[in-house]
Amino acid sequence: MDTYRHKGLRKKLVQLLEEKGITDKKVLKAIETIPRHLFINDTALHQFAYEDTAFPIGSGQTISQPYTVAFQTQTLAIQPRDKVLEIGTGSGYQTAVLLELGAKVFSIERQKALFDKTKMFLPKLGYNAKLFYGDGYLGLPSFAPFNKIIVTAGAPYVPENLLNQLAIGGIMIIPVDNDDYQIMKKIVKIDASNFETTDLGSFKFVPLLKEKGKD
Ligand code: SAH
């Protein structure tokens, strides 16, 4: 259940994100709207749901830190009706933020238990995305090109398939491994073979894993 107390905590979280440098009003509005506590299974953690931290969501995975979600989303400069590919559906929280911004969202998750749970859960909140159980390294060639691609797990390298599935002029945001943290990279596709990459600082993510189903 969403309560006035939760709404109040969300306002505070939004203020904190503004202090940390998030300026996109639509992103802040989405975070103020979405009941993040409902995306966290463990009700003992609900009282902390509006702190700016990541939390466990089962299967050894986490719901990303709100600042990270806001930062990645802001960098994508989502326009209504953008076709967005998300790698790592997880709790579906980032998916919900993209939907609030009017994007058409395609999201891939490799953990069957998380995929099943989120597929049931998101529509209950009125969020409709195209969810796929599969391997994010492959992307979704049959639905490409995408205006925006967001990777929500730390990747050892930038998957070639994802670069290919980005539309010309499209933006990808991806955290790429550098020892025990990741460098956030913004990649703009200039034309079929030219990309402009900008490093946007260090972040901490769970790893983007290979070989679906093997843990
Ligand atoms: N966007 C999520 C973040 C979840 S953490 C949220 O807001 O909750 C990253 C997710 O990526 C995990 O759920 C993990 O299972 C998933 N993942 C890891 N490797 C993957 C791969 N190769 N393909 C698809 N998803 C993957």
# chains A, B, ... in the order shown; residues from 1 in each chain; ligands from 1
$ residues_around --residues "Ala192 (chain A)" --least-positions-apart "6" --cutoff "9 Å" --atoms "only C-alpha atoms" --output "list in words"
Asn164, Ala167 and Ile168 of chain A
$ write_last_selection --atoms "all heavy atoms" --output "mmCIF file, in the first residue's frame"
data_model
loop_
_atom_site.group_PDB
_atom_site.id
_atom_site.type_symbol
_atom_site.label_atom_id
_atom_site.label_comp_id
_atom_site.auth_asym_id
_atom_site.auth_seq_id
_atom_site.Cartn_x
_atom_site.Cartn_y
_atom_site.Cartn_z
ATOM 1 N N ASN A 164 24.906 -2.362 -32.506
ATOM 2 C CA ASN A 164 24.231 -2.556 -33.794
ATOM 3 C C ASN A 164 22.744 -2.233 -33.718
ATOM 4 O O ASN A 164 22.143 -1.807 -34.703
ATOM 5 C CB ASN A 164 24.386 -4.007 -34.270
ATOM 6 C CG ASN A 164 25.802 -4.311 -34.666
ATOM 7 O OD1 ASN A 164 26.574 -3.406 -34.986
ATOM 8 N ND2 ASN A 164 26.176 -5.585 -34.617
ATOM 9 N N ALA A 167 19.671 2.989 -32.777
ATOM 10 C CA ALA A 167 19.326 3.797 -33.962
ATOM 11 C C ALA A 167 20.403 4.858 -34.194
ATOM 12 O O ALA A 167 21.096 5.263 -33.246
ATOM 13 C CB ALA A 167 17.973 4.479 -33.731
ATOM 14 N N ILE A 168 20.541 5.321 -35.438
ATOM 15 C CA ILE A 168 21.445 6.442 -35.725
ATOM 16 C C ILE A 168 20.925 7.640 -34.929
ATOM 17 O O ILE A 168 19.728 7.933 -34.951
ATOM 18 C CB ILE A 168 21.448 6.800 -37.234
ATOM 19 C CG1 ILE A 168 21.740 5.572 -38.110
ATOM 20 C CG2 ILE A 168 22.436 7.935 -37.515
ATOM 21 C CD1 ILE A 168 23.129 5.023 -38.049
#
$ closest_atom_pairs --of "chain A" --to "ligand 1" --cutoff "7 Å" --atoms "only C-alpha atoms and all ligand atoms" --output "tab-separated table"
residue	atom	partner	partner_atom_place_in_ligand_line	distance
A:Gln61	CA	ligand 1	12 (C)	5.1
A:Thr62	CA	ligand 1	5 (S)	4.8
A:Ile63	CA	ligand 1	8 (O)	3.5
A:Ser64	CA	ligand 1	3 (C)	5.1
A:Ile87	CA	ligand 1	24 (C)	5.2
A:Gly88	CA	ligand 1	11 (O)	3.2
A:Thr89	CA	ligand 1	1 (N)	4.7
A:Gly90	CA	ligand 1	13 (O)	3.3
A:Ser91	CA	ligand 1	8 (O)	3.8
A:Gly92	CA	ligand 1	8 (O)	5.2
A:Tyr93	CA	ligand 1	7 (O)	4.2
A:Gln94	CA	ligand 1	7 (O)	4.1
A:Thr95	CA	ligand 1	1 (N)	6.7
A:Ile108	CA	ligand 1	24 (C)	5.0
A:Glu109	CA	ligand 1	25 (N)	3.8
A:Arg110	CA	ligand 1	24 (C)	4.3
A:Gln111	CA	ligand 1	15 (O)	5.0
A:Leu114	CA	ligand 1	13 (O)	6.7
A:Gly134	CA	ligand 1	24 (C)	6.1
A:Asp135	CA	ligand 1	23 (N)	4.0
A:Gly136	CA	ligand 1	23 (N)	3.4
A:Tyr137	CA	ligand 1	22 (N)	5.5
A:Thr152	CA	ligand 1	9 (C)	5.1
A:Ala153	CA	ligand 1	9 (C)	4.5
A:Val206	CA	ligand 1	5 (S)	5.9
A:Pro207	CA	ligand 1	18 (C)	6.0
A:Leu208	CA	ligand 1	19 (N)	3.6
A:Leu209	CA	ligand 1	19 (N)	3.9
A:Lys210	CA	ligand 1	22 (N)	5.1
A:Lys212	CA	ligand 1	22 (N)	6.6
$ select_by_dssp --residues "region 29-87 of chain A" --states "helix (DSSP H, G or I)" --output "PDB file with N, CA and C atoms, in the first residue's frame"
ATOM      1  N   LYS A  29      10.016  13.950 -11.285  1.00  0.00           N
ATOM      2  CA  LYS A  29       8.571  13.731 -11.125  1.00  0.00           C
ATOM      3  C   LYS A  29       8.251  12.228 -11.120  1.00  0.00           C
ATOM      4  N   ALA A  30       8.931  11.488 -12.004  1.00  0.00           N
ATOM      5  CA  ALA A  30       8.713  10.033 -12.055  1.00  0.00           C
ATOM      6  C   ALA A  30       9.093   9.397 -10.723  1.00  0.00           C
ATOM      7  N   ILE A  31      10.205   9.818 -10.161  1.00  0.00           N
ATOM      8  CA  ILE A  31      10.661   9.240  -8.887  1.00  0.00           C
ATOM      9  C   ILE A  31       9.718   9.629  -7.753  1.00  0.00           C
ATOM     10  N   GLU A  32       9.156  10.831  -7.855  1.00  0.00           N
ATOM     11  CA  GLU A  32       8.186  11.263  -6.840  1.00  0.00           C
ATOM     12  C   GLU A  32       6.880  10.459  -6.946  1.00  0.00           C
ATOM     13  N   THR A  33       6.595   9.965  -8.137  1.00  0.00           N
ATOM     14  CA  THR A  33       5.336   9.255  -8.385  1.00  0.00           C
ATOM     15  C   THR A  33       5.398   7.758  -8.040  1.00  0.00           C
ATOM     16  N   ARG A  36       8.431   3.151  -4.754  1.00  0.00           N
ATOM     17  CA  ARG A  36       9.606   2.261  -4.795  1.00  0.00           C
ATOM     18  C   ARG A  36       9.529   1.145  -3.765  1.00  0.00           C
ATOM     19  N   HIS A  37       8.917   1.413  -2.614  1.00  0.00           N
ATOM     20  CA  HIS A  37       8.875   0.376  -1.570  1.00  0.00           C
ATOM     21  C   HIS A  37       8.169  -0.892  -2.063  1.00  0.00           C
ATOM     22  N   LEU A  38       7.216  -0.716  -2.965  1.00  0.00           N
ATOM     23  CA  LEU A  38       6.476  -1.891  -3.456  1.00  0.00           C
ATOM     24  C   LEU A  38       7.314  -2.782  -4.378  1.00  0.00           C
ATOM     25  N   PHE A  39       8.458  -2.250  -4.844  1.00  0.00           N
ATOM     26  CA  PHE A  39       9.352  -3.025  -5.717  1.00  0.00           C
ATOM     27  C   PHE A  39      10.337  -3.864  -4.898  1.00  0.00           C
ATOM     28  N   THR A  43       9.585  -6.820   3.292  1.00  0.00           N
ATOM     29  CA  THR A  43       8.859  -5.693   3.903  1.00  0.00           C
ATOM     30  C   THR A  43       9.654  -5.051   5.040  1.00  0.00           C
ATOM     31  N   ALA A  44      10.601  -5.803   5.614  1.00  0.00           N
ATOM     32  CA  ALA A  44      11.443  -5.224   6.670  1.00  0.00           C
ATOM     33  C   ALA A  44      12.291  -4.078   6.116  1.00  0.00           C
ATOM     34  N   LEU A  45      12.485  -4.080   4.789  1.00  0.00           N
ATOM     35  CA  LEU A  45      13.307  -3.019   4.170  1.00  0.00           C
ATOM     36  C   LEU A  45      12.467  -1.817   3.732  1.00  0.00           C
ATOM     37  N   HIS A  46      11.139  -1.945   3.791  1.00  0.00           N
ATOM     38  CA  HIS A  46      10.278  -0.866   3.281  1.00  0.00           C
ATOM     39  C   HIS A  46      10.523   0.477   3.940  1.00  0.00           C
ATOM     40  N   GLN A  47      10.840   0.433   5.233  1.00  0.00           N
ATOM     41  CA  GLN A  47      11.073   1.702   5.939  1.00  0.00           C
ATOM     42  C   GLN A  47      12.304   2.439   5.392  1.00  0.00           C
ATOM     43  N   PHE A  48      13.183   1.703   4.690  1.00  0.00           N
ATOM     44  CA  PHE A  48      14.392   2.335   4.134  1.00  0.00           C
ATOM     45  C   PHE A  48      14.275   2.593   2.631  1.00  0.00           C
ATOM     46  N   PRO A  66      18.530   4.939  -6.244  1.00  0.00           N
ATOM     47  CA  PRO A  66      17.744   5.966  -6.951  1.00  0.00           C
ATOM     48  C   PRO A  66      18.601   6.988  -7.712  1.00  0.00           C
ATOM     49  N   TYR A  67      19.730   7.406  -7.124  1.00  0.00           N
ATOM     50  CA  TYR A  67      20.578   8.372  -7.829  1.00  0.00           C
ATOM     51  C   TYR A  67      21.051   7.783  -9.161  1.00  0.00           C
ATOM     52  N   THR A  68      21.434   6.516  -9.137  1.00  0.00           N
ATOM     53  CA  THR A  68      21.925   5.858 -10.347  1.00  0.00           C
ATOM     54  C   THR A  68      20.817   5.772 -11.398  1.00  0.00           C
ATOM     55  N   VAL A  69      19.618   5.398 -10.959  1.00  0.00           N
ATOM     56  CA  VAL A  69      18.464   5.316 -11.866  1.00  0.00           C
ATOM     57  C   VAL A  69      18.210   6.699 -12.487  1.00  0.00           C
ATOM     58  N   ALA A  70      18.203   7.726 -11.630  1.00  0.00           N
ATOM     59  CA  ALA A  70      17.940   9.092 -12.101  1.00  0.00           C
ATOM     60  C   ALA A  70      19.033   9.546 -13.064  1.00  0.00           C
ATOM     61  N   PHE A  71      20.285   9.249 -12.725  1.00  0.00           N
ATOM     62  CA  PHE A  71      21.419   9.680 -13.547  1.00  0.00           C
ATOM     63  C   PHE A  71      21.385   9.016 -14.924  1.00  0.00           C
ATOM     64  N   GLN A  72      21.164   7.698 -14.930  1.00  0.00           N
ATOM     65  CA  GLN A  72      21.132   6.995 -16.219  1.00  0.00           C
ATOM     66  C   GLN A  72      19.962   7.487 -17.068  1.00  0.00           C
ATOM     67  N   THR A  73      18.807   7.679 -16.428  1.00  0.00           N
ATOM     68  CA  THR A  73      17.614   8.090 -17.172  1.00  0.00           C
ATOM     69  C   THR A  73      17.788   9.504 -17.717  1.00  0.00           C
ATOM     70  N   GLN A  74      18.307  10.390 -16.880  1.00  0.00           N
ATOM     71  CA  GLN A  74      18.527  11.779 -17.308  1.00  0.00           C
ATOM     72  C   GLN A  74      19.473  11.823 -18.504  1.00  0.00           C
ATOM     73  N   THR A  75      20.513  11.012 -18.465  1.00  0.00           N
ATOM     74  CA  THR A  75      21.499  11.005 -19.552  1.00  0.00           C
ATOM     75  C   THR A  75      20.865  10.559 -20.874  1.00  0.00           C
ATOM     76  N   LEU A  76      19.854   9.707 -20.795  1.00  0.00           N
ATOM     77  CA  LEU A  76      19.202   9.213 -22.018  1.00  0.00           C
ATOM     78  C   LEU A  76      18.291  10.250 -22.668  1.00  0.00           C
TER      79      LEU A  76
END
$ closest_residue --among "A:Ile171, A:Leu125, A:Ile149, A:Leu138" --to "Val105 (chain A)" --atoms "only C-alpha atoms"
A:Ile149
$ atom_distance --atom1 "CA of Val14 (chain A)" --atom2 "CA of Lys130 (chain A)"
27.6 Å
$ residues_around --residues "Leu163 (chain A)" --least-positions-apart "4" --cutoff "8 Å" --atoms "only C-alpha atoms" --output "PDB file with C-alpha atoms, in the first residue's frame"
ATOM      1  CA  VAL A 158      30.252  -2.902 -24.645  1.00  0.00           C
ATOM      2  CA  PRO A 159      28.333  -5.690 -26.431  1.00  0.00           C
ATOM      3  CA  LYS A 189      25.631   6.578 -32.498  1.00  0.00           C
TER       4      LYS A 189
END
$ select_by_dssp --residues "chain A" --states "strand (DSSP E or B)" --output "PyMOL selection string"
chain A and resi 55-58+61-63+83-87+104-109+130-133+146-151+154-155+166-178+181-191+194-203+207
$ write_last_selection --atoms "C-alpha atoms" --output "PDB file, in the first residue's frame"
ATOM      1  CA  PHE A  55      18.602  -3.140  -1.877  1.00  0.00           C
ATOM      2  CA  PRO A  56      18.530  -6.909  -2.411  1.00  0.00           C
ATOM      3  CA  ILE A  57      15.611  -8.154  -4.553  1.00  0.00           C
ATOM      4  CA  GLY A  58      16.394 -11.900  -4.497  1.00  0.00           C
ATOM      5  CA  GLN A  61      20.390  -9.083  -7.482  1.00  0.00           C
ATOM      6  CA  THR A  62      19.623  -5.533  -6.378  1.00  0.00           C
ATOM      7  CA  ILE A  63      17.238  -2.695  -7.162  1.00  0.00           C
ATOM      8  CA  LYS A  83      11.749   2.917 -28.131  1.00  0.00           C
ATOM      9  CA  VAL A  84      13.985   1.956 -25.230  1.00  0.00           C
ATOM     10  CA  LEU A  85      15.833  -1.322 -24.650  1.00  0.00           C
ATOM     11  CA  GLU A  86      16.690  -2.061 -21.023  1.00  0.00           C
ATOM     12  CA  ILE A  87      19.148  -4.821 -20.103  1.00  0.00           C
ATOM     13  CA  LYS A 104       7.943   2.288 -25.092  1.00  0.00           C
ATOM     14  CA  VAL A 105      10.057  -0.132 -23.060  1.00  0.00           C
ATOM     15  CA  PHE A 106      11.555  -3.507 -24.031  1.00  0.00           C
ATOM     16  CA  SER A 107      13.398  -5.078 -21.123  1.00  0.00           C
ATOM     17  CA  ILE A 108      15.449  -8.293 -20.817  1.00  0.00           C
ATOM     18  CA  GLU A 109      16.130 -10.273 -17.627  1.00  0.00           C
ATOM     19  CA  LYS A 130       7.462  -5.726 -23.181  1.00  0.00           C
ATOM     20  CA  LEU A 131       9.403  -8.064 -20.878  1.00  0.00           C
ATOM     21  CA  PHE A 132      11.704 -10.812 -22.147  1.00  0.00           C
ATOM     22  CA  TYR A 133      13.434 -13.709 -20.410  1.00  0.00           C
ATOM     23  CA  PHE A 146      16.111   1.383 -30.422  1.00  0.00           C
ATOM     24  CA  ASN A 147      16.315   5.120 -29.820  1.00  0.00           C
ATOM     25  CA  LYS A 148      17.854   4.500 -26.406  1.00  0.00           C
ATOM     26  CA  ILE A 149      19.566   1.539 -24.697  1.00  0.00           C
ATOM     27  CA  ILE A 150      20.164   1.324 -20.944  1.00  0.00           C
ATOM     28  CA  VAL A 151      22.298  -1.378 -19.336  1.00  0.00           C
ATOM     29  CA  GLY A 154      28.203  -3.845 -14.922  1.00  0.00           C
ATOM     30  CA  ALA A 155      29.402  -5.026 -18.345  1.00  0.00           C
ATOM     31  CA  LEU A 166      21.015   1.399 -31.526  1.00  0.00           C
ATOM     32  CA  ALA A 167      19.326   3.797 -33.962  1.00  0.00           C
ATOM     33  CA  ILE A 168      21.445   6.442 -35.725  1.00  0.00           C
ATOM     34  CA  GLY A 169      21.435   9.430 -33.378  1.00  0.00           C
ATOM     35  CA  GLY A 170      20.463   7.101 -30.515  1.00  0.00           C
ATOM     36  CA  ILE A 171      22.028   7.060 -27.050  1.00  0.00           C
ATOM     37  CA  MET A 172      23.260   4.121 -24.975  1.00  0.00           C
ATOM     38  CA  ILE A 173      24.156   4.368 -21.286  1.00  0.00           C
ATOM     39  CA  ILE A 174      26.274   1.498 -19.978  1.00  0.00           C
ATOM     40  CA  PRO A 175      28.467   0.946 -16.902  1.00  0.00           C
ATOM     41  CA  VAL A 176      31.691  -0.761 -18.042  1.00  0.00           C
ATOM     42  CA  ASP A 177      33.922  -2.681 -15.616  1.00  0.00           C
ATOM     43  CA  ASN A 178      37.087  -1.224 -14.235  1.00  0.00           C
ATOM     44  CA  TYR A 181      33.636  -0.522  -9.930  1.00  0.00           C
ATOM     45  CA  GLN A 182      32.299   0.595 -13.305  1.00  0.00           C
ATOM     46  CA  ILE A 183      32.797   3.634 -15.504  1.00  0.00           C
ATOM     47  CA  MET A 184      29.475   5.010 -16.736  1.00  0.00           C
ATOM     48  CA  LYS A 185      29.710   5.487 -20.486  1.00  0.00           C
ATOM     49  CA  LYS A 186      27.379   7.496 -22.692  1.00  0.00           C
ATOM     50  CA  ILE A 187      27.612   6.341 -26.289  1.00  0.00           C
ATOM     51  CA  VAL A 188      25.992   8.288 -29.132  1.00  0.00           C
ATOM     52  CA  LYS A 189      25.631   6.578 -32.498  1.00  0.00           C
ATOM     53  CA  ILE A 190      26.761   9.083 -35.118  1.00  0.00           C
ATOM     54  CA  ASP A 191      26.315   6.728 -38.083  1.00  0.00           C
ATOM     55  CA  ASN A 194      30.926   5.831 -35.759  1.00  0.00           C
ATOM     56  CA  PHE A 195      30.238   6.324 -32.072  1.00  0.00           C
ATOM     57  CA  GLU A 196      31.009   9.157 -29.683  1.00  0.00           C
ATOM     58  CA  THR A 197      31.769   7.955 -26.153  1.00  0.00           C
ATOM     59  CA  THR A 198      31.815  10.093 -23.005  1.00  0.00           C
ATOM     60  CA  ASP A 199      32.895   8.860 -19.553  1.00  0.00           C
ATOM     61  CA  LEU A 200      30.557  10.055 -16.806  1.00  0.00           C
ATOM     62  CA  GLY A 201      32.222   8.882 -13.600  1.00  0.00           C
ATOM     63  CA  SER A 202      32.333   5.738 -11.499  1.00  0.00           C
ATOM     64  CA  PHE A 203      29.373   3.707 -10.211  1.00  0.00           C
ATOM     65  CA  PRO A 207      27.679  -7.871 -12.901  1.00  0.00           C
TER      66      PRO A 207
END
$ atom_distance --atom1 "CA of Asp24 (chain A)" --atom2 "CA of Gly139 (chain A)"
27.5 Å
$ atom_distance --atom1 "CA of Leu16 (chain A)" --atom2 "CA of Tyr127 (chain A)"
25.6 Å
$ closest_residue --among "A:Ala96, A:Ala113, A:Val27, A:Leu162" --to "Gln79 (chain A)" --atoms "only C-alpha atoms"
A:Val27
